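Asks: Next comes structure.cif, mmCIF, C-alpha atoms and all ligand atoms:
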data_structure
loop_
_atom_site.label_atom_id
_atom_site.label_comp_id
_atom_site.auth_asym_id
_atom_site.auth_seq_id
_atom_site.Cartn_x
_atom_site.Cartn_y
_atom_site.Cartn_z
CA MET A 27 -19.92 16.92 -2.84
CA GLU A 28 -20.18 14.01 -0.46
CA SER A 29 -20.18 11.39 -3.18
CA ASN A 30 -17.34 13.17 -4.99
CA ARG A 31 -15.33 13.11 -1.83
CA THR A 32 -16.09 9.44 -1.25
CA HIS A 33 -15.13 8.65 -4.82
CA LEU A 34 -11.91 10.60 -4.42
CA PHE A 35 -11.16 8.66 -1.28
CA ALA A 36 -11.70 5.40 -3.13
CA LEU A 37 -9.37 6.49 -5.91
CA GLN A 38 -6.76 7.63 -3.45
CA ALA A 39 -7.16 4.40 -1.58
CA ARG A 40 -6.03 2.61 -4.70
CA LEU A 41 -3.00 4.84 -5.17
CA ASN A 42 -0.63 2.43 -3.53
CA MET A 43 -2.16 -0.70 -4.96
CA MET A 44 0.49 -1.32 -7.53
CA SER A 45 3.21 -1.53 -4.97
CA LEU A 46 0.90 -3.02 -2.39
CA SER A 47 -0.90 -5.33 -4.77
CA LEU A 48 -0.50 -8.28 -2.46
CA LEU A 49 -2.55 -6.62 0.21
CA ILE A 50 -6.01 -7.66 1.15
CA GLY A 51 -8.74 -5.07 0.87
CA ALA A 52 -8.86 -1.64 -0.72
CA LEU A 53 -11.46 -2.53 -3.35
CA SER A 54 -14.27 -0.09 -3.79
CA LEU A 55 -17.35 -2.27 -4.24
CA CYS A 56 -19.39 0.54 -5.72
CA VAL A 57 -16.77 1.09 -8.42
CA ALA A 58 -16.68 -2.65 -9.13
CA GLN A 59 -20.43 -2.75 -9.54
CA GLU A 60 -20.46 0.26 -11.83
CA GLU A 61 -17.75 -0.99 -14.13
CA GLY A 62 -18.30 -4.74 -14.31
CA TYR A 63 -15.48 -7.14 -15.10
CA SER A 64 -13.43 -7.95 -18.17
CA GLU A 65 -13.66 -11.25 -19.99
CA GLU A 66 -10.40 -12.39 -18.50
CA THR A 67 -11.92 -12.24 -15.05
CA SER A 68 -15.22 -13.81 -16.06
CA TRP A 69 -14.54 -16.86 -13.92
CA ILE A 70 -14.57 -14.54 -10.93
CA GLU A 71 -17.87 -13.15 -12.16
CA ALA A 72 -19.26 -16.64 -12.53
CA SER A 73 -18.42 -17.49 -8.96
CA SER A 74 -19.06 -14.06 -7.51
CA THR A 75 -22.77 -14.61 -6.83
CA ASN A 76 -21.96 -17.23 -4.25
CA LEU A 77 -19.00 -15.34 -2.91
CA LEU A 78 -20.97 -12.14 -2.59
CA GLN A 79 -23.75 -13.90 -0.73
CA PHE A 80 -21.19 -15.50 1.52
CA GLY A 81 -19.57 -12.10 1.91
CA GLN A 82 -22.88 -10.53 2.82
CA ALA A 83 -23.51 -13.20 5.42
CA LEU A 84 -20.04 -12.69 6.84
CA ARG A 85 -20.45 -8.98 6.86
CA ASP A 86 -23.78 -9.13 8.69
CA SER A 87 -22.21 -11.09 11.51
CA GLN A 88 -18.97 -9.08 11.51
CA PRO A 89 -18.39 -6.08 13.69
CA GLU A 90 -18.46 -2.72 11.98
CA CYS A 91 -15.24 -1.63 10.31
CA GLY A 92 -13.22 1.23 11.68
CA HIS A 93 -13.98 4.59 10.07
CA LEU A 94 -13.35 8.28 10.43
CA THR A 95 -15.27 10.35 12.94
CA VAL A 96 -15.02 13.32 10.57
CA GLU A 97 -15.27 12.49 6.87
CA ALA A 98 -12.09 14.32 5.89
CA CYS A 99 -8.35 13.73 5.88
CA ASP A 100 -6.62 14.95 9.02
CA PRO A 101 -4.52 17.96 7.98
CA ARG A 102 -2.14 17.35 10.91
CA ALA A 103 -0.62 14.32 9.13
CA ASN A 104 2.91 14.74 7.75
CA ALA A 105 1.65 14.24 4.19
CA PHE A 106 -1.70 14.28 2.42
CA CYS A 107 -4.14 11.84 4.00
CA SER A 108 -1.34 9.77 5.46
CA ASN A 109 -2.43 9.52 9.10
CA ASN A 110 -6.04 9.89 10.22
CA CYS A 111 -5.60 8.07 13.53
CA ARG A 112 -6.62 11.09 15.57
CA ILE A 113 -10.04 11.16 13.90
CA HIS A 114 -10.60 7.39 13.71
CA THR A 115 -12.96 5.17 15.70
CA HIS A 116 -10.06 2.84 16.52
CA GLY A 117 -7.49 5.62 16.59
CA ALA A 118 -6.08 4.81 20.02
CA ASP A 119 -5.11 1.36 18.70
CA CYS A 120 -2.96 2.96 15.99
CA TYR A 121 -0.43 3.69 18.74
CA ARG A 122 -0.24 0.09 20.07
CA PRO A 123 1.54 -2.89 18.48
CA VAL A 124 -0.69 -4.28 15.72
CA PRO A 125 -0.22 -7.92 16.89
CA ASP A 126 -1.61 -6.95 20.34
CA VAL A 127 -4.58 -5.16 18.80
CA MET A 128 -5.44 -7.93 16.37
CA ALA A 129 -5.10 -10.59 19.09
CA GLU A 130 -8.03 -8.84 20.78
CA HIS A 131 -10.05 -9.11 17.53
CA PRO A 132 -9.62 -12.70 16.33
CA GLY A 133 -10.80 -13.36 12.79
CA GLU A 134 -11.18 -9.66 11.95
CA ASP A 135 -9.43 -8.21 8.92
CA GLY A 136 -6.94 -5.55 9.97
CA TYR A 137 -7.85 -3.58 6.88
CA CYS A 138 -11.45 -3.45 8.13
CA TYR A 139 -10.42 -2.58 11.69
CA PHE A 140 -8.06 0.20 10.58
CA ASN A 141 -10.04 1.20 7.46
CA ALA A 142 -9.29 4.77 6.32
CA THR A 143 -6.44 5.45 8.74
CA ALA A 144 -4.55 6.54 5.57
CA PHE A 145 -5.60 6.82 1.94
CA TRP A 146 -3.84 3.54 1.15
CA VAL A 147 -5.48 1.67 4.01
CA SER A 148 -9.02 1.12 2.83
CA TYR A 149 -11.38 -1.80 3.22
CA SER A 150 -14.44 -2.14 1.10
CA GLY A 151 -15.52 -5.73 1.43
CA PRO A 152 -14.53 -9.31 2.10
CA ASN A 153 -14.44 -10.27 -1.59
CA PRO A 154 -11.40 -8.65 -3.22
CA HIS A 155 -10.73 -8.59 -6.98
CA PHE A 156 -6.97 -8.20 -7.02
CA GLU A 157 -6.40 -8.27 -10.78
CA LYS A 158 -8.90 -5.52 -11.52
CA GLU A 159 -7.65 -3.58 -8.54
CA ALA A 160 -4.00 -3.84 -9.62
CA ALA A 161 -4.80 -2.78 -13.19
CA GLU A 162 -6.75 0.23 -11.94
CA GLY A 163 -3.95 1.04 -9.52
CA VAL A 164 -1.34 0.99 -12.28
CA LEU A 165 -3.39 3.26 -14.53
CA PHE A 166 -4.34 5.66 -11.77
CA LEU A 167 -0.80 5.96 -10.41
CA ARG A 168 0.64 6.41 -13.87
CA GLY A 169 -0.99 9.83 -14.12
CA PRO A 170 -1.09 12.18 -17.08
CA SER A 171 2.70 12.64 -17.22
CA TYR A 172 3.26 9.03 -18.33
CA LYS A 173 4.58 8.89 -21.92
CA GLY A 174 5.26 5.16 -22.29
CA LEU A 175 7.64 2.41 -21.22
CA ASN A 176 11.24 3.57 -20.66
CA THR A 177 10.55 7.16 -21.68
CA GLY A 178 11.26 8.67 -18.26
CA PRO A 179 14.62 9.80 -16.83
CA LEU A 180 17.09 7.00 -16.07
CA LEU A 181 17.76 6.80 -12.33
CA ALA A 182 20.62 4.96 -10.67
CA TYR A 183 20.20 3.83 -7.07
CA SER A 184 22.74 3.20 -4.37
CA PHE A 185 21.00 0.30 -2.70
CA GLU A 186 22.75 -2.15 -0.39
CA ASP A 187 25.00 -4.43 -2.48
CA ALA A 188 23.16 -3.99 -5.80
CA VAL A 189 25.40 -3.09 -8.75
CA ASN A 190 24.23 -0.59 -11.39
CA LEU A 191 20.63 -0.73 -10.24
CA THR A 192 18.68 1.56 -12.54
CA THR A 193 15.13 2.33 -13.56
CA TYR A 194 13.34 4.63 -15.95
CA ALA A 195 11.09 6.88 -13.88
CA ASP A 196 8.33 6.91 -16.48
CA SER A 197 5.98 8.09 -13.77
CA ALA A 198 6.87 10.01 -10.60
CA HIS A 199 5.97 7.21 -8.19
CA TYR A 200 8.29 4.71 -9.96
CA LEU A 201 11.11 6.40 -8.11
CA TYR A 202 9.76 4.95 -4.85
CA ASP A 203 7.75 1.98 -5.99
CA ASP A 204 10.22 0.39 -8.43
CA LEU A 205 12.85 0.14 -5.73
CA TYR A 206 10.24 -0.89 -3.14
CA ALA A 207 8.90 -3.70 -5.32
CA TYR A 208 12.42 -4.77 -6.34
CA SER A 209 13.46 -4.88 -2.71
CA LEU A 210 10.50 -7.10 -1.78
CA GLY A 211 11.02 -9.30 -4.85
CA PHE A 212 7.62 -8.36 -6.27
CA LEU A 213 8.62 -6.88 -9.64
CA GLN A 214 7.76 -8.64 -12.88
CA GLY A 215 10.33 -11.35 -13.49
CA GLN A 216 11.11 -11.83 -9.79
CA GLY A 217 8.97 -14.93 -9.38
CA LEU A 218 5.37 -13.82 -8.93
CA ASP A 219 2.97 -14.65 -11.75
CA PRO A 220 0.27 -11.97 -12.25
CA LYS A 221 -2.18 -14.73 -13.28
CA TRP A 222 -2.27 -15.85 -9.64
CA MET A 223 -4.19 -12.67 -8.83
CA LYS A 224 -7.24 -14.10 -10.59
CA ASN A 225 -7.62 -16.50 -7.67
CA SER A 226 -8.03 -14.26 -4.65
CA SER A 227 -7.67 -17.01 -2.05
CA LYS A 228 -4.42 -18.11 -3.70
CA TRP A 229 -3.21 -14.51 -3.79
CA ILE A 230 -4.10 -14.02 -0.14
CA SER A 231 -2.20 -17.14 0.86
CA ILE A 232 0.83 -16.01 -1.17
CA SER A 233 0.59 -12.67 0.62
CA ARG A 234 0.56 -14.47 3.95
CA GLU A 235 3.63 -16.50 2.96
CA LYS A 236 5.47 -13.35 1.89
CA CYS A 237 4.65 -11.67 5.20
CA ASP A 238 5.97 -14.71 7.07
CA GLU A 239 9.16 -14.65 4.97
CA ILE A 240 9.61 -10.95 5.70
CA GLN A 241 9.20 -11.49 9.44
CA ALA A 242 11.56 -14.50 9.38
CA LYS A 243 14.18 -12.36 7.65
CA PHE A 244 13.87 -9.08 9.54
CA ALA A 245 12.51 -10.18 12.93
CA PHE A 246 10.65 -6.98 13.68
CA GLU A 247 10.13 -6.40 17.39
CA LYS A 248 6.59 -5.77 18.57
CA GLU A 249 7.47 -2.15 19.31
CA GLU A 250 8.28 -1.67 15.62
CA LEU A 251 4.85 -2.88 14.56
CA VAL A 252 2.83 0.23 15.39
CA LEU A 253 0.49 1.46 12.67
CA ALA A 254 0.78 5.21 13.33
CA ASP A 255 4.58 4.93 13.03
CA TRP A 256 4.25 3.04 9.74
CA LEU A 257 1.92 5.68 8.36
CA ASP A 258 4.19 8.56 9.38
CA PHE A 259 7.16 6.68 7.92
CA ASN A 260 5.82 6.64 4.35
CA MET A 261 7.15 10.10 3.48
CA VAL A 262 10.38 9.36 5.31
CA ILE A 263 10.90 6.28 3.12
CA SER A 264 10.16 8.45 0.12
CA ALA A 265 12.89 10.90 1.18
CA MET A 266 15.39 8.11 1.84
CA THR A 267 14.63 6.59 -1.56
CA MET A 268 15.36 9.94 -3.19
CA CYS A 269 18.64 9.96 -1.26
CA SER A 270 19.39 6.54 -2.78
CA ALA A 271 18.71 8.05 -6.21
CA GLY A 272 21.08 10.96 -5.46
CA MET A 273 18.37 13.59 -5.72
CA ASN A 274 18.34 17.07 -4.24
CA ILE A 275 15.23 17.19 -2.06
CA SER A 276 16.02 20.29 -0.01
CA TYR A 277 12.49 21.51 -0.86
CA MET A 278 10.90 18.79 1.29
CA ASP A 279 9.37 19.39 4.71
CA ALA A 280 12.12 20.00 7.30
CA ASP A 281 10.71 17.45 9.80
CA ILE A 282 10.61 14.76 7.11
CA LEU A 283 14.19 15.56 6.07
CA ARG A 284 15.32 15.37 9.70
CA ALA A 285 13.56 12.03 10.23
CA ALA A 286 15.11 10.73 7.00
CA GLY A 287 18.60 11.94 7.98
CA TRP A 288 18.83 14.09 4.86
CA LYS A 289 21.24 17.05 4.90
CA SER A 290 22.34 17.18 1.25
CA PRO A 291 22.43 14.83 -1.77
CA THR A 292 25.86 13.65 -0.60
CA ASP A 293 25.07 13.63 3.13
CA CYS A 294 21.92 11.56 3.53
CA LYS A 295 20.71 8.12 4.56
CA PRO A 296 19.84 5.71 1.74
CA VAL A 297 16.74 3.55 2.15
CA THR A 298 17.24 -0.10 3.18
CA SER A 299 15.41 -3.34 2.43
CA ARG A 300 14.39 -3.38 6.09
CA ASP A 301 12.73 0.04 5.71
CA PHE A 302 10.81 -1.25 2.71
CA ALA A 303 9.87 -4.49 4.45
CA LYS A 304 8.37 -2.53 7.31
CA HIS A 305 6.20 -0.64 4.84
CA HIS A 306 4.64 -3.87 3.58
CA TYR A 307 1.56 -4.25 5.73
C1 LIG B 401 -14.11 3.15 5.82
O1 LIG B 401 -13.97 4.47 6.30
C2 LIG B 401 -14.52 5.44 5.44
C3 LIG B 401 -14.14 6.80 5.99
O2 LIG B 401 -14.69 7.02 7.25
C4 LIG B 401 -16.03 5.22 5.40
O3 LIG B 401 -16.61 6.19 4.54
C5 LIG B 401 -16.31 3.81 4.90
O4 LIG B 401 -17.69 3.56 4.95
C6 LIG B 401 -15.58 2.81 5.74
N1 LIG B 401 -15.71 1.49 5.14
C7 LIG B 401 -16.32 0.49 5.75
C8 LIG B 401 -16.35 -0.82 5.03
O5 LIG B 401 -16.85 0.60 6.85
C1 LIG B 402 23.95 0.36 -16.13
O1 LIG B 402 22.60 0.12 -16.55
C2 LIG B 402 22.19 0.96 -17.63
C3 LIG B 402 20.71 0.72 -17.87
O2 LIG B 402 20.44 -0.64 -18.09
C4 LIG B 402 23.06 0.68 -18.86
O3 LIG B 402 22.67 1.54 -19.89
C5 LIG B 402 24.52 0.93 -18.48
O4 LIG B 402 25.33 0.54 -19.56
C6 LIG B 402 24.91 0.11 -17.26
N1 LIG B 402 26.24 0.48 -16.84
C7 LIG B 402 27.16 -0.41 -16.49
C8 LIG B 402 28.45 0.14 -16.04
O5 LIG B 402 26.94 -1.61 -16.53
C1 LIG B 403 -7.57 -21.08 -5.99
O1 LIG B 403 -6.49 -21.29 -5.13
C2 LIG B 403 -6.77 -22.20 -4.10
C3 LIG B 403 -5.59 -22.14 -3.11
O2 LIG B 403 -4.37 -22.20 -3.77
C4 LIG B 403 -7.01 -23.58 -4.71
O3 LIG B 403 -7.27 -24.51 -3.70
C5 LIG B 403 -8.19 -23.47 -5.68
O4 LIG B 403 -8.37 -24.70 -6.34
C6 LIG B 403 -7.96 -22.37 -6.70
N1 LIG B 403 -9.20 -22.14 -7.46
C7 LIG B 403 -9.21 -22.05 -8.79
C8 LIG B 403 -10.52 -21.74 -9.41
O5 LIG B 403 -8.20 -22.20 -9.47
C1 LIG B 404 19.77 21.79 -3.75
O1 LIG B 404 18.68 22.66 -4.07
C2 LIG B 404 18.72 23.87 -3.33
C3 LIG B 404 17.43 24.63 -3.63
O2 LIG B 404 17.21 24.73 -5.00
C4 LIG B 404 19.96 24.66 -3.68
O3 LIG B 404 20.00 25.84 -2.91
C5 LIG B 404 21.19 23.80 -3.36
O4 LIG B 404 22.36 24.45 -3.77
C6 LIG B 404 21.10 22.45 -4.06
N1 LIG B 404 22.19 21.60 -3.60
C7 LIG B 404 22.98 20.94 -4.44
C8 LIG B 404 24.09 20.15 -3.83
O5 LIG B 404 22.82 20.97 -5.64
#
As structure tokens, please, write out the structure in this file.

Replies:
Amino acid sequence: MESNRTHLFALQARLNMMSLSLLIGALSLCVAQEEGYSEETSWIEASSTNLLQFGQALRDSQPECGHLTVEACDPRANAFCSNNCRIHTHGADCYRPVPDVMAEHPGEDGYCYFNATAFWVSYSGPNPHFEKEAAEGVLFLRGPSYKGLNTGPLLAYSFEDAVNLTTYADSAHYLYDDLYAYSLGFLQGQGLDPKWMKNSSKWISISREKCDEIQAKFAFEKEELVLADWLDFNMVISAMTMCSAGMNISYMDADILRAAGWKSPTDCKPVTSRDFAKHHY
């Protein structure tokens, strides 16, 4: 049971990795060891002995990562496994601005510190393998309903000044993640080369640059940079994205609909690029 649950957590942790593929962390080391690497990533394998040893040395001298005090998702969250702050070793810090918290922990990885606060916030080591992670994320998220490229329903979004912005929702999460990735400029063809993922330090520095660009553009105030709010906002973004796609989501949780400003398909608040930018952490 325990190992099934842990495995499930690791899988769930990867759920958001397609859309969040620039993020550091979220690699399950035990899965990586079980499955090995493809030939394309063999250069990583070749260098991984050193990196792993370095990682081990780092880890030994690093403080323990944050973790849950009860090994289960908090059912009080507004969606499945989306906010475990109340049962987390660093839970109180979820409710303070992240820059303040991290300033008190110089050199620590925020994904380690806040590990497991939601299923998509998961740290499993200092030596990420982004390409493998992204591929697994794509396949996992795709789910059994996926029938192939451009086989899903065609959706049209009302999104800021975009004209005739459409996508085929080949998989349920495309509804959210296609617009999210488009908004951030992270879709295929928007300038990022997937080959760069092979070099994790390069990918991490690109991620850092993108975060700086986002902050330069949106100038988030410290009060907006509170982890618990971000976590609770995920379902709200989802609802606003469905508003942008003109969908009838009256079945959704009433509190989520209220937070998203959703009254009907024609009286609702579309998602904005600022909302999406705030979700990129
Ligand atoms: C992250 O938290 C989970 C849930 O509590 C825990 O099982 C796991 O060991 C933690 N990871 C690390 C690297 O401490
Ligand atoms: C909008 O985009 C869809 C999908 O690419 C296309 O089939 C349709 O012709 C476009 N409509 C207009 C008005 O450009
Ligand atoms: C990986 O990227 C870093 C930073 O961009 C660069 O200095 C390094 O040479 C790259 N390593 C490989 C193996 O390409
Ligand atoms: C939305 O769905 C609900 C529940 O199925 C239904 O009662 C309502 O009439 C629908 N609204 C519109 C505008 O289609």

Asks: Per residue of chain A within 12 Å of ligand LIG 404 (chain B), what are the shortest atom pair and its distance in Å to one decimal, counting only C-alpha atoms and all ligand atoms, with rows by chain and residue number, as a tab-separated table?

Replies:
residue	atom	partner	partner_atom	distance
A:Cys269	CA	B:LIG404	C8	11.8
A:Gly272	CA	B:LIG404	C8	9.8
A:Met273	CA	B:LIG404	C1	8.5
A:Asn274	CA	B:LIG404	C1	5.0
A:Ile275	CA	B:LIG404	C1	6.7
A:Ser276	CA	B:LIG404	O1	5.4
A:Tyr277	CA	B:LIG404	C3	6.5
A:Met278	CA	B:LIG404	C3	10.0
A:Trp288	CA	B:LIG404	C1	11.6
A:Lys289	CA	B:LIG404	N1	9.7
A:Ser290	CA	B:LIG404	C8	6.1
A:Pro291	CA	B:LIG404	C8	5.9
A:Thr292	CA	B:LIG404	C8	7.5
A:Asp293	CA	B:LIG404	C8	9.6
A:Cys294	CA	B:LIG404	C8	11.5

Asks: Once 3 Å is added on each side, what centre and edge lengths in Å to one decimal does the axis-aligned box around all listed atoms of segment 270-286 of chain A have, as JSON?

Replies:
{"center_x": 15.2, "center_y": 14.0, "center_z": 2.0, "size_x": 17.7, "size_y": 21.0, "size_z": 22.4}

Asks: Around ligand LIG 401 (chain B), which protein and nucleic acid residues have at least one atom no more than 8 Å from it, if we count all atoms listed in the file? List them as a ChimeraX atom specification.

Replies: /A:32,90-98,114,138,141-143,148-151

Asks: Of the residues A:His116, A:Arg234, A:Arg168, A:Lys295, which is the one nearest to Ser184 of chain A, using only C-alpha atoms?

Replies: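 Nearest candidate to Ser184 of chain A out of A:His116, A:Arg234, A:Arg168, A:Lys295: A:Lys295.
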
Asks: What residues of the protein or nucleic acid chains come within 10 Å of ligand LIG 402 (chain B) when you use all atoms listed in the file? Reply as a PyMOL selection string.

Replies: chain A and resi 180-182+189-194

Asks: Could you make a table, as JSON lines, of the residues of chain A that have an atom within 7 Å of an atom of ligand LIG 403 (chain B), each with its nearest atom pair and distance in Å to one decimal, counting only C-alpha atoms and all ligand atoms, in chain and number order?

Replies:
{"residue": "A:Asn225", "atom": "CA", "partner": "B:LIG403", "partner_atom": "C1", "distance": 4.9}
{"residue": "A:Ser226", "atom": "CA", "partner": "B:LIG403", "partner_atom": "C1", "distance": 7.0}
{"residue": "A:Ser227", "atom": "CA", "partner": "B:LIG403", "partner_atom": "O1", "distance": 5.4}
{"residue": "A:Lys228", "atom": "CA", "partner": "B:LIG403", "partner_atom": "O1", "distance": 4.1}

Asks: Could the residues in this selection be saved with C-alpha atoms as a short mmCIF file (atom, residue, chain, number, x, y, z; two decimals), in the coordinates of the input?

Replies:
data_model
loop_
_atom_site.label_atom_id
_atom_site.label_comp_id
_atom_site.auth_asym_id
_atom_site.auth_seq_id
_atom_site.Cartn_x
_atom_site.Cartn_y
_atom_site.Cartn_z
CA ASN A 225 -7.62 -16.50 -7.67
CA SER A 226 -8.03 -14.26 -4.65
CA SER A 227 -7.67 -17.01 -2.05
CA LYS A 228 -4.42 -18.11 -3.70
#
